[in-house]
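What follows is the content of protein_5.cif (mmCIF, C-alpha atoms).
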```
data_start
loop_
_atom_site.group_PDB
_atom_site.id
_atom_site.type_symbol
_atom_site.label_atom_id
_atom_site.label_comp_id
_atom_site.auth_asym_id
_atom_site.auth_seq_id
_atom_site.Cartn_x
_atom_site.Cartn_y
_atom_site.Cartn_z
ATOM 1 C CA MET G 3 0.000 0.000 0.000
ATOM 2 C CA HIS G 4 1.308 3.501 -0.664
ATOM 3 C CA GLU G 5 2.342 4.815 2.681
ATOM 4 C CA THR G 6 1.814 8.451 1.769
ATOM 5 C CA MET G 7 -1.736 7.706 0.727
ATOM 6 C CA ALA G 8 -2.339 5.771 3.894
ATOM 7 C CA ARG G 9 -1.166 8.740 5.872
ATOM 8 C CA SER G 10 -3.389 11.119 3.949
ATOM 9 C CA PHE G 11 -6.349 8.967 4.896
ATOM 10 C CA SER G 12 -5.640 9.200 8.570
ATOM 11 C CA ALA G 13 -7.228 12.611 8.949
ATOM 12 C CA THR G 14 -10.250 11.479 6.991
ATOM 13 C CA LEU G 15 -10.620 8.373 9.039
ATOM 14 C CA GLU G 16 -10.302 10.313 12.241
ATOM 15 C CA GLY G 17 -12.944 12.643 10.830
ATOM 16 C CA ALA G 18 -15.314 9.728 10.567
ATOM 17 C CA GLY G 19 -15.276 9.694 14.336
ATOM 18 C CA THR G 20 -15.156 6.813 16.692
ATOM 19 C CA PRO G 21 -16.933 3.858 15.299
ATOM 20 C CA VAL G 22 -20.405 5.202 14.963
ATOM 21 C CA SER G 23 -20.900 8.225 17.062
ATOM 22 C CA SER G 24 -23.680 10.139 15.419
ATOM 23 C CA MET G 25 -25.563 7.257 13.834
ATOM 24 C CA THR G 26 -28.254 6.565 16.315
ATOM 25 C CA ALA G 27 -30.675 3.893 15.241
ATOM 26 C CA PRO G 28 -31.518 0.851 17.343
ATOM 27 C CA ASP G 29 -31.327 -2.317 15.327
ATOM 28 C CA PRO G 30 -31.510 -5.936 16.532
ATOM 29 C CA ARG G 31 -28.429 -6.747 14.453
ATOM 30 C CA HIS G 32 -26.382 -4.333 16.539
ATOM 31 C CA ALA G 33 -25.963 -6.921 19.271
ATOM 32 C CA ALA G 34 -24.376 -9.355 16.809
ATOM 33 C CA ASP G 35 -22.109 -6.598 15.519
ATOM 34 C CA ALA G 36 -21.142 -5.669 19.072
ATOM 35 C CA ALA G 37 -20.245 -9.279 19.813
ATOM 36 C CA LEU G 38 -18.128 -9.458 16.667
ATOM 37 C CA MET G 39 -16.358 -6.201 17.488
ATOM 38 C CA ALA G 40 -15.746 -7.377 21.047
ATOM 39 C CA ARG G 41 -14.035 -10.468 19.675
ATOM 40 C CA ILE G 42 -11.981 -8.329 17.299
ATOM 41 C CA ALA G 43 -11.033 -6.012 20.167
ATOM 42 C CA SER G 44 -9.766 -9.004 22.113
ATOM 43 C CA GLY G 45 -7.476 -9.853 19.194
ATOM 44 C CA ASP G 46 -9.545 -12.657 17.680
ATOM 45 C CA GLU G 47 -8.137 -12.968 14.164
ATOM 46 C CA ALA G 48 -10.928 -15.239 12.983
ATOM 47 C CA ALA G 49 -13.465 -12.590 13.927
ATOM 48 C CA PHE G 50 -11.557 -10.006 11.910
ATOM 49 C CA ALA G 51 -11.421 -12.396 8.967
ATOM 50 C CA THR G 52 -15.201 -12.745 9.257
ATOM 51 C CA LEU G 53 -15.617 -8.984 9.081
ATOM 52 C CA VAL G 54 -13.319 -8.768 6.063
ATOM 53 C CA ASP G 55 -15.158 -11.582 4.265
ATOM 54 C CA ARG G 56 -18.496 -10.065 5.089
ATOM 55 C CA SER G 57 -17.873 -6.510 3.999
ATOM 56 C CA ALA G 58 -14.906 -6.347 1.615
ATOM 57 C CA ASP G 59 -16.920 -6.991 -1.560
ATOM 58 C CA ARG G 60 -19.428 -4.240 -0.941
ATOM 59 C CA LEU G 61 -16.869 -1.750 0.308
ATOM 60 C CA LEU G 62 -14.652 -2.424 -2.688
ATOM 61 C CA ALA G 63 -17.576 -2.034 -5.067
ATOM 62 C CA VAL G 64 -18.449 1.334 -3.569
ATOM 63 C CA ALA G 65 -14.846 2.555 -3.471
ATOM 64 C CA GLU G 66 -14.053 1.423 -6.993
ATOM 65 C CA ARG G 67 -17.104 3.078 -8.476
ATOM 66 C CA MET G 68 -16.452 6.230 -6.454
ATOM 67 C CA LEU G 69 -12.802 6.444 -7.510
ATOM 68 C CA ASP G 70 -12.959 4.621 -10.840
ATOM 69 C CA ASP G 71 -9.668 3.013 -9.816
ATOM 70 C CA ARG G 72 -9.378 -0.522 -8.464
ATOM 71 C CA ALA G 73 -5.946 -0.178 -6.857
ATOM 72 C CA ALA G 74 -6.859 3.010 -5.025
ATOM 73 C CA ALA G 75 -10.152 1.435 -3.953
ATOM 74 C CA GLU G 76 -8.300 -1.527 -2.446
ATOM 75 C CA ASP G 77 -6.040 0.824 -0.518
ATOM 76 C CA VAL G 78 -9.014 2.760 0.849
ATOM 77 C CA VAL G 79 -10.860 -0.386 1.895
ATOM 78 C CA GLN G 80 -7.789 -1.932 3.481
ATOM 79 C CA THR G 81 -7.190 1.224 5.503
ATOM 80 C CA ALA G 82 -10.819 1.310 6.632
ATOM 81 C CA LEU G 83 -10.784 -2.332 7.696
ATOM 82 C CA LEU G 84 -7.532 -1.903 9.589
ATOM 83 C CA ARG G 85 -9.051 1.108 11.304
ATOM 84 C CA ALA G 86 -11.899 -1.129 12.428
ATOM 85 C CA TRP G 87 -9.319 -3.578 13.821
ATOM 86 C CA ASP G 88 -7.554 -0.771 15.688
ATOM 87 C CA GLN G 89 -10.679 0.930 16.953
ATOM 88 C CA ALA G 90 -12.707 -2.156 17.807
ATOM 89 C CA TYR G 91 -12.278 -1.596 21.542
ATOM 90 C CA ARG G 92 -14.039 1.777 21.169
ATOM 91 C CA TRP G 93 -17.031 0.314 19.372
ATOM 92 C CA GLU G 94 -20.407 1.606 20.501
ATOM 93 C CA PRO G 95 -23.267 -0.548 19.250
ATOM 94 C CA ARG G 96 -25.440 2.256 17.961
ATOM 95 C CA ALA G 97 -25.326 1.341 14.294
ATOM 96 C CA ARG G 98 -24.120 -1.416 12.036
ATOM 97 C CA ILE G 99 -20.427 -1.952 11.436
ATOM 98 C CA GLU G 100 -21.000 -1.796 7.699
ATOM 99 C CA THR G 101 -22.659 1.586 8.040
ATOM 100 C CA TRP G 102 -19.598 2.927 9.813
ATOM 101 C CA LEU G 103 -17.252 1.279 7.319
ATOM 102 C CA HIS G 104 -19.212 2.723 4.399
ATOM 103 C CA ARG G 105 -18.963 6.121 6.006
ATOM 104 C CA VAL G 106 -15.194 5.814 6.411
ATOM 105 C CA VAL G 107 -14.739 4.543 2.866
ATOM 106 C CA SER G 108 -16.973 7.131 1.225
ATOM 107 C CA ARG G 109 -15.277 9.988 3.072
ATOM 108 C CA ALA G 110 -11.841 8.703 2.163
ATOM 109 C CA CYS G 111 -12.922 8.388 -1.471
ATOM 110 C CA ILE G 112 -14.294 11.923 -1.560
ATOM 111 C CA ASP G 113 -11.067 13.236 -0.064
ATOM 112 C CA MET G 114 -9.033 11.331 -2.594
ATOM 113 C CA VAL G 115 -11.136 12.537 -5.509
ATOM 114 C CA ARG G 116 -10.672 16.121 -4.329
ATOM 115 C CA THR G 117 -6.905 15.855 -4.110
ATOM 116 C CA ARG G 118 -5.844 13.626 -6.948
ATOM 117 C CA ARG G 119 -5.300 14.578 -10.558
ATOM 118 C CA PRO G 120 -7.219 12.815 -13.298
ATOM 119 C CA SER G 121 -5.421 9.700 -14.422
ATOM 120 C CA ALA G 122 -4.097 9.868 -17.953
ATOM 121 C CA SER G 123 -4.206 6.104 -18.272
ATOM 122 C CA ASP G 124 -7.955 6.105 -17.718
ATOM 123 C CA ALA G 125 -8.460 8.590 -20.501
ATOM 124 C CA VAL G 126 -6.326 6.512 -22.834
ATOM 125 C CA LEU G 127 -8.169 3.315 -21.909
ATOM 126 C CA ASP G 128 -11.472 4.991 -22.573
ATOM 127 C CA THR G 129 -10.463 5.974 -26.068
ATOM 128 C CA LEU G 130 -9.141 2.539 -27.025
ATOM 129 C CA ALA G 131 -11.353 0.637 -29.393
ATOM 130 C CA ASP G 132 -12.645 -2.775 -28.402
ATOM 131 C CA PRO G 133 -10.533 -5.341 -30.309
ATOM 132 C CA ASN G 134 -13.556 -7.648 -30.541
ATOM 133 C CA PRO G 135 -16.510 -5.390 -30.971
ATOM 134 C CA GLY G 136 -18.939 -8.165 -31.803
ATOM 135 C CA SER G 137 -22.456 -7.155 -32.627
ATOM 136 C CA GLU G 138 -23.635 -3.605 -32.959
ATOM 137 C CA ALA G 139 -25.772 -4.023 -29.837
ATOM 138 C CA ARG G 140 -22.693 -4.956 -27.861
ATOM 139 C CA VAL G 141 -20.848 -1.915 -29.136
ATOM 140 C CA LEU G 142 -23.764 0.280 -28.129
ATOM 141 C CA ALA G 143 -23.923 -1.294 -24.688
ATOM 142 C CA ALA G 144 -20.203 -0.723 -24.236
ATOM 143 C CA GLU G 145 -20.614 2.878 -25.304
ATOM 144 C CA ARG G 146 -23.461 3.329 -22.833
ATOM 145 C CA ASP G 147 -21.353 1.811 -20.057
ATOM 146 C CA ARG G 148 -18.525 4.167 -20.895
ATOM 147 C CA LEU G 149 -20.879 7.153 -20.767
ATOM 148 C CA VAL G 150 -22.428 6.038 -17.476
ATOM 149 C CA ARG G 151 -19.014 5.388 -15.953
ATOM 150 C CA ALA G 152 -17.817 8.840 -16.988
ATOM 151 C CA GLY G 153 -21.133 10.270 -15.844
ATOM 152 C CA ILE G 154 -20.747 8.789 -12.361
ATOM 153 C CA THR G 155 -17.269 10.284 -12.108
ATOM 154 C CA ALA G 156 -18.634 13.670 -13.134
ATOM 155 C CA LEU G 157 -21.489 13.673 -10.619
ATOM 156 C CA PRO G 158 -21.270 16.024 -7.631
ATOM 157 C CA GLU G 159 -19.800 14.279 -4.579
ATOM 158 C CA ARG G 160 -22.980 13.762 -2.619
ATOM 159 C CA GLN G 161 -24.999 12.593 -5.606
ATOM 160 C CA ARG G 162 -22.245 10.187 -6.547
ATOM 161 C CA THR G 163 -21.953 8.863 -3.007
ATOM 162 C CA ALA G 164 -25.701 8.402 -2.706
ATOM 163 C CA LEU G 165 -25.991 6.607 -6.037
ATOM 164 C CA VAL G 166 -22.973 4.366 -5.498
ATOM 165 C CA LEU G 167 -23.960 3.466 -1.948
ATOM 166 C CA MET G 168 -27.472 2.514 -2.997
ATOM 167 C CA THR G 169 -26.408 0.701 -6.159
ATOM 168 C CA TYR G 170 -23.281 -1.127 -5.039
ATOM 169 C CA GLY G 171 -23.156 -0.813 -1.259
ATOM 170 C CA GLU G 172 -26.131 -3.117 -0.765
ATOM 171 C CA ILE G 173 -27.230 -1.142 2.260
ATOM 172 C CA SER G 174 -30.672 0.082 3.141
ATOM 173 C CA GLN G 175 -31.846 3.567 2.314
ATOM 174 C CA ARG G 176 -31.852 4.305 6.025
ATOM 175 C CA ASP G 177 -28.223 3.253 6.419
ATOM 176 C CA ALA G 178 -27.172 5.145 3.303
ATOM 177 C CA ALA G 179 -28.835 8.268 4.695
ATOM 178 C CA ALA G 180 -26.959 7.708 7.979
ATOM 179 C CA VAL G 181 -23.670 7.399 6.091
ATOM 180 C CA LEU G 182 -24.302 10.757 4.445
ATOM 181 C CA ASP G 183 -25.744 12.342 7.606
ATOM 182 C CA ILE G 184 -28.930 13.312 5.826
ATOM 183 C CA THR G 185 -32.584 12.365 5.975
ATOM 184 C CA GLU G 186 -34.008 9.625 3.791
ATOM 185 C CA GLY G 187 -35.964 12.262 1.896
ATOM 186 C CA ALA G 188 -32.772 14.161 1.096
ATOM 187 C CA LEU G 189 -31.157 10.900 -0.010
ATOM 188 C CA GLU G 190 -34.024 10.209 -2.395
ATOM 189 C CA SER G 191 -33.663 13.692 -3.808
ATOM 190 C CA LEU G 192 -29.936 13.119 -4.391
ATOM 191 C CA LEU G 193 -30.678 9.807 -6.094
ATOM 192 C CA VAL G 194 -33.279 11.355 -8.386
ATOM 193 C CA ARG G 195 -30.879 14.099 -9.420
ATOM 194 C CA ALA G 196 -28.016 11.636 -9.944
ATOM 195 C CA ARG G 197 -30.141 9.362 -12.123
ATOM 196 C CA ARG G 198 -31.457 12.309 -14.097
ATOM 197 C CA ALA G 199 -27.898 13.426 -14.821
ATOM 198 C CA LEU G 200 -26.853 9.933 -15.867
ATOM 199 C CA LYS G 201 -29.891 9.500 -18.097
ATOM 200 C CA ALA G 202 -28.984 12.766 -19.765
ATOM 201 C CA THR G 203 -25.575 11.316 -20.615
ATOM 202 C CA LEU G 204 -27.306 8.370 -22.281
ATOM 203 C CA MET G 205 -29.512 10.531 -24.478
ATOM 204 C CA PRO G 206 -27.025 10.690 -27.379
ATOM 205 C CA THR G 207 -27.132 6.910 -27.693
ATOM 206 C CA LEU G 208 -30.886 6.887 -28.179
ATOM 207 C CA GLY G 209 -30.682 7.865 -31.831
ATOM 208 C CA GLN G 210 -28.258 5.043 -32.480
ATOM 209 C CA ASP G 211 -30.569 2.617 -30.700
ATOM 210 C CA GLN G 212 -33.420 3.728 -32.847
ATOM 211 C CA GLU G 213 -31.390 3.251 -36.038
ATOM 212 C CA GLU G 214 -30.385 -0.201 -34.868
ATOM 213 C CA SER G 215 -33.915 -1.224 -33.963
ATOM 214 C CA SER G 216 -35.318 0.024 -37.281
ATOM 215 C CA SER G 217 -32.662 -1.773 -39.385
ATOM 216 C CA MET R 2 -37.158 14.331 -35.945
ATOM 217 C CA THR R 3 -36.080 11.366 -33.872
ATOM 218 C CA HIS R 4 -38.898 9.423 -32.256
ATOM 219 C CA ARG R 5 -38.197 7.183 -29.325
ATOM 220 C CA PRO R 6 -38.790 3.446 -29.762
ATOM 221 C CA LYS R 7 -41.517 2.016 -27.561
ATOM 222 C CA ASN R 8 -39.298 -0.435 -25.744
ATOM 223 C CA LEU R 9 -36.580 2.051 -25.112
ATOM 224 C CA ASP R 10 -36.585 3.122 -21.510
ATOM 225 C CA LEU R 11 -33.784 5.292 -20.252
ATOM 226 C CA ASP R 12 -34.237 4.022 -16.718
ATOM 227 C CA ALA R 13 -33.874 0.442 -17.884
ATOM 228 C CA LEU R 14 -30.826 1.289 -19.980
ATOM 229 C CA LEU R 15 -29.250 3.050 -17.038
ATOM 230 C CA ASP R 16 -29.968 0.143 -14.704
ATOM 231 C CA GLU R 17 -28.468 -2.281 -17.223
ATOM 232 C CA SER R 18 -25.314 -0.207 -17.464
ATOM 233 C CA LEU R 19 -25.057 0.172 -13.701
ATOM 234 C CA ALA R 20 -25.407 -3.585 -13.328
ATOM 235 C CA ARG R 21 -22.698 -4.221 -15.917
ATOM 236 C CA LEU R 22 -20.435 -1.713 -14.190
ATOM 237 C CA LYS R 23 -20.622 -3.550 -10.894
ATOM 238 C CA PRO R 24 -17.013 -4.049 -9.795
ATOM 239 C CA LEU R 25 -15.563 -7.503 -9.308
ATOM 240 C CA PRO R 26 -15.727 -8.941 -5.790
ATOM 241 C CA ALA R 27 -12.713 -8.853 -3.535
ATOM 242 C CA SER R 28 -10.098 -11.356 -4.596
ATOM 243 C CA ALA R 29 -8.633 -13.912 -2.225
ATOM 244 C CA ALA R 30 -5.313 -12.103 -2.631
ATOM 245 C CA PHE R 31 -6.860 -8.879 -1.408
ATOM 246 C CA THR R 32 -8.366 -10.585 1.632
ATOM 247 C CA ARG R 33 -5.005 -12.161 2.436
ATOM 248 C CA ARG R 34 -3.355 -8.776 2.015
ATOM 249 C CA VAL R 35 -5.711 -7.131 4.516
ATOM 250 C CA LEU R 36 -5.247 -9.909 7.042
ATOM 251 C CA ALA R 37 -1.480 -9.783 6.645
ATOM 252 C CA ALA R 38 -1.434 -5.986 6.856
ATOM 253 C CA ARG R 39 -2.875 -6.262 10.342
ATOM 254 C CA HIS R 40 0.391 -7.833 11.478
ATOM 255 C CA THR R 41 2.656 -5.417 9.688
ATOM 256 C CA GLN R 42 0.666 -2.386 10.751
ATOM 257 C CA ALA R 43 2.457 -2.028 14.072
ATOM 258 C CA VAL R 44 5.810 -2.237 12.310
ATOM 259 C CA ASP R 45 4.681 0.331 9.741
ATOM 260 C CA GLU R 46 3.553 2.706 12.452
ATOM 261 C CA ALA R 47 6.836 2.347 14.302
ATOM 262 C CA ARG R 48 8.688 3.004 11.068
ATOM 263 C CA TYR R 49 6.510 6.026 10.388
ATOM 264 C CA LEU R 50 7.184 7.345 13.872
ATOM 265 C CA LEU R 51 10.882 6.930 13.259
ATOM 266 C CA VAL R 52 10.617 8.849 9.982
ATOM 267 C CA VAL R 53 8.641 11.611 11.659
ATOM 268 C CA MET R 54 11.024 11.711 14.595
ATOM 269 C CA ARG R 55 14.168 11.577 12.469
ATOM 270 C CA ARG R 56 14.650 15.341 12.331
ATOM 271 C CA PRO R 57 14.028 16.018 16.046
ATOM 272 C CA LEU R 58 16.291 13.083 16.871
ATOM 273 C CA ARG R 59 19.000 14.462 14.634
ATOM 274 C CA PHE R 60 18.697 17.912 16.219
ATOM 275 C CA GLY R 61 18.722 16.299 19.641
ATOM 276 C CA LEU R 62 21.848 14.349 18.819
ATOM 277 C CA VAL R 63 23.632 17.422 17.459
ATOM 278 C CA GLY R 64 22.532 19.338 20.549
ATOM 279 C CA MET R 65 23.867 16.654 22.828
ATOM 280 C CA MET R 66 27.186 16.583 21.003
ATOM 281 C CA LEU R 67 27.457 20.382 21.134
ATOM 282 C CA SER R 68 26.591 20.343 24.794
ATOM 283 C CA ALA R 69 29.201 17.662 25.432
ATOM 284 C CA VAL R 70 31.870 19.652 23.574
ATOM 285 C CA LEU R 71 30.993 22.848 25.432
ATOM 286 C CA GLY R 72 30.882 20.984 28.716
ATOM 287 C CA PHE R 73 34.245 19.455 28.053
ATOM 288 C CA ALA R 74 35.711 22.829 27.067
ATOM 289 C CA SER R 75 34.261 24.430 30.159
ATOM 290 C CA GLY R 76 35.530 21.633 32.346
ATOM 291 C CA TRP R 77 38.931 21.814 30.733
ATOM 292 C CA GLN R 78 39.046 25.547 31.398
ATOM 293 C CA GLY R 79 38.223 24.808 35.019
ATOM 294 C CA VAL R 80 40.983 22.220 35.218
ATOM 295 C CA VAL R 81 43.448 24.666 33.685
ATOM 296 C CA ALA R 82 42.381 27.397 36.099
ATOM 297 C CA ASP R 83 42.623 25.050 39.055
ATOM 298 C CA THR R 84 46.067 23.937 37.968
ATOM 299 C CA GLU R 85 47.188 27.530 37.606
ATOM 300 C CA GLN R 86 45.844 28.315 41.054
ATOM 301 C CA ALA R 87 47.552 25.268 42.494
ATOM 302 C CA ALA R 88 50.782 26.258 40.846
ATOM 303 C CA LEU R 89 50.517 29.792 42.258
ATOM 304 C CA ALA R 90 49.717 28.398 45.675
ATOM 305 C CA TRP R 91 52.745 26.152 45.460
ATOM 306 C CA GLU R 92 54.912 29.069 44.416
ATOM 307 C CA ASP R 93 53.602 31.084 47.364
ATOM 308 C CA THR R 94 54.318 28.214 49.693
ATOM 309 C CA VAL R 95 57.819 27.895 48.376
ATOM 310 C CA ALA R 96 58.352 31.658 48.529
ATOM 311 C CA PHE R 97 57.181 31.920 52.140
ATOM 312 C CA SER R 98 59.008 28.853 53.375
ATOM 313 C CA ALA R 99 62.356 29.560 51.744
ATOM 314 C CA PRO R 100 63.373 32.527 53.990
ATOM 315 C CA LEU R 101 62.415 30.624 57.078
ATOM 316 C CA PHE R 102 64.554 27.766 55.954
ATOM 317 C CA GLU R 103 67.381 30.173 55.233
ATOM 318 C CA GLU R 104 67.016 31.830 58.643
ATOM 319 C CA ASP R 105 67.024 28.465 60.388
ATOM 320 C CA SER R 106 70.037 27.362 58.504
ATOM 321 C CA LEU R 107 71.866 30.473 59.556
#
```
What's the C-alpha cells form of this structure?
Amino acid sequence: MHETMARSFSATLEGAGTPVSSMTAPDPRHAADAALMARIASGDEAAFATLVDRSADRLLAVAERMLDDRAAAEDVVQTALLRAWDQAYRWEPRARIETWLHRVVSRACIDMVRTRRPSASDAVLDTLADPNPGSEARVLAAERDRLVRAGITALPERQRTALVLMTYGEISQRDAAAVLDITEGALESLLVRARRALKATLMPTLGQDQEESSS
Amino acid sequence: MTHRPKNLDLDALLDESLARLKPLPASAAFTRRVLAARHTQAVDEARYLLVVMRRPLRFGLVGMMLSAVLGFASGWQGVVADTEQAALAWEDTVAFSAPLFEEDSL
C-alpha cells in the first residue's frame, strides 16, 4: 500500500469519528455486531477475517465506483478495515459496522477525488477501441457503459456517493442516509438528481438505438 | 425528428449499465493482504514514527554533542584554572618557606 496515501487517509478516518458516534438507530443486528467487534477487540483474528469476508466486496464495489480506480479502492478499503481492527475496543453498538465502514470509505474516497489529478491512463483506456466489438448491440452497450461510468465520475460528490452506496453498497436507504448524515428524503432527492444526470448522458445513444432497432 | 422506440426506456438502460459496471468482488489475494497488513501495521507505524522523529532526533543528537563539547571545554578551562591556582599556591608556599629555611640554617 502507498504509505503516503495511507497517511493522507488518517485525517479522513479520524474525521469519521469513533466507530459510529452520530448514527443513532436501534437495530436488533447491533448486538451481533457488538459481539463481533468485542471479539476483534480481544485480538480474535478469525473474527476479523469474518468482518473482512463479510464486507470487503461491498466496500470495494463502492470505493471502486467512487474512484474509478481498483488499486486506489483496495487501498481505501484496506485502511478502513484496519481502522476497524484498531478501533474495535471503542465500538459503541449504535449502528451497524458496515454503516460505519461505508462512512469511512466514502469519506476517504471523496477526499481522494478532491486531491488527486485525473489519471491519464484512464483517458487513454477509454479511447481505445474494443478489439472484438462483436455485434452492434454490444458496441452500443459498451458505449453506454462508458458514458455512465464517466457520468458517475462527473457527478457532484454527494450525488455520486448516494448513487454508489445505494447501487453497489447493498445497504438500506436508512443506512445510506446515515452514512451521508442526511434524511431519507434528502437521499431520495440526491438519487433522483443523480439518475437524471446519468440519463442525460445516455440521451445521445438513443438515436443510435433507434437506427439499430429500425434496421 | 427522432422518435423514441416504444421499448426504449432510459431508466432500464441506465440500470443495465449500472449492473454491468458492478465491480468484481474482492479477490482472495486482497483478503489475504488485509489480514497480513494487520500484522505489519504495528511495524509500519513504528517506522513512520521513526521517519517523523528523524529530524528532532538528529537535532537532539547534534545538541547533545554540542553540549558535550561545550561541557568538556568548560571543564577543561576549570581544570586549567585550578592547575594555575595550584601552581601559584605552590609558588607562594615555596616563597614563604624559603626565607624561614634560610634563617634556620643560619
### Atom-to-atom span, atom CA of Arg198 of chain G and atom CA of Ile112 of chain G, Å
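Going from atom CA of Arg198 of chain G over to atom CA of Ile112 of chain G, I get 21.3 Å.
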_Quick check on the file I pasted: which residues fall under the PyMOL selection byres ((chain G) within 10 of (chain R))? Write them as a ChimeraX atom specification._
/G:3,5,9,47-48,50-51,54-55,57-67,70,72,76-77,79-81,83-85,87-88,143-151,154,166,169-170,197-198,200-205,208-209,211-213,215-216
_Using Å and a single decimal, report how far atom CA of Met68 of chain G sits from atom CA of Asp35 of chain G._
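Spanning atom CA of Asp35 of chain G to atom CA of Met68 of chain G is a straight-line distance of 26.1 Å.
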*asked:* Between atom CA of Met54 of chain R and atom CA of His40 of chain R, what is the distance in Å, rounded to a tenth?
replied: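 Going from atom CA of Met54 of chain R over to atom CA of His40 of chain R, I get 22.5 Å.
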| field | Residue members of the PyMOL selection byres ((chain G and resi 193) around 10) in the file shown, as number ranges by chain | value | G: 160-166, 168, 187-192, 194-199
For the selection just defined, write its residues with C-alpha atoms to a file, as a CSV table (one decimal), in the coordinates of the input.
```csv
chain,number,residue,atom,x,y,z
G,160,ARG,CA,-23.0,13.8,-2.6
G,161,GLN,CA,-25.0,12.6,-5.6
G,162,ARG,CA,-22.2,10.2,-6.5
G,163,THR,CA,-22.0,8.9,-3.0
G,164,ALA,CA,-25.7,8.4,-2.7
G,165,LEU,CA,-26.0,6.6,-6.0
G,166,VAL,CA,-23.0,4.4,-5.5
G,168,MET,CA,-27.5,2.5,-3.0
G,187,GLY,CA,-36.0,12.3,1.9
G,188,ALA,CA,-32.8,14.2,1.1
G,189,LEU,CA,-31.2,10.9,0.0
G,190,GLU,CA,-34.0,10.2,-2.4
G,191,SER,CA,-33.7,13.7,-3.8
G,192,LEU,CA,-29.9,13.1,-4.4
G,194,VAL,CA,-33.3,11.4,-8.4
G,195,ARG,CA,-30.9,14.1,-9.4
G,196,ALA,CA,-28.0,11.6,-9.9
G,197,ARG,CA,-30.1,9.4,-12.1
G,198,ARG,CA,-31.5,12.3,-14.1
G,199,ALA,CA,-27.9,13.4,-14.8
```
Centre, x/y/z edge lengths, axis-aligned box for segment 149-166 of chain G with 3 Å per side, as AutoDock Vina command-line options:
```
--center_x -21.6 --center_y 10.2 --center_z -11.7 --size_x 14.7 --size_y 17.7 --size_z 24.1
```
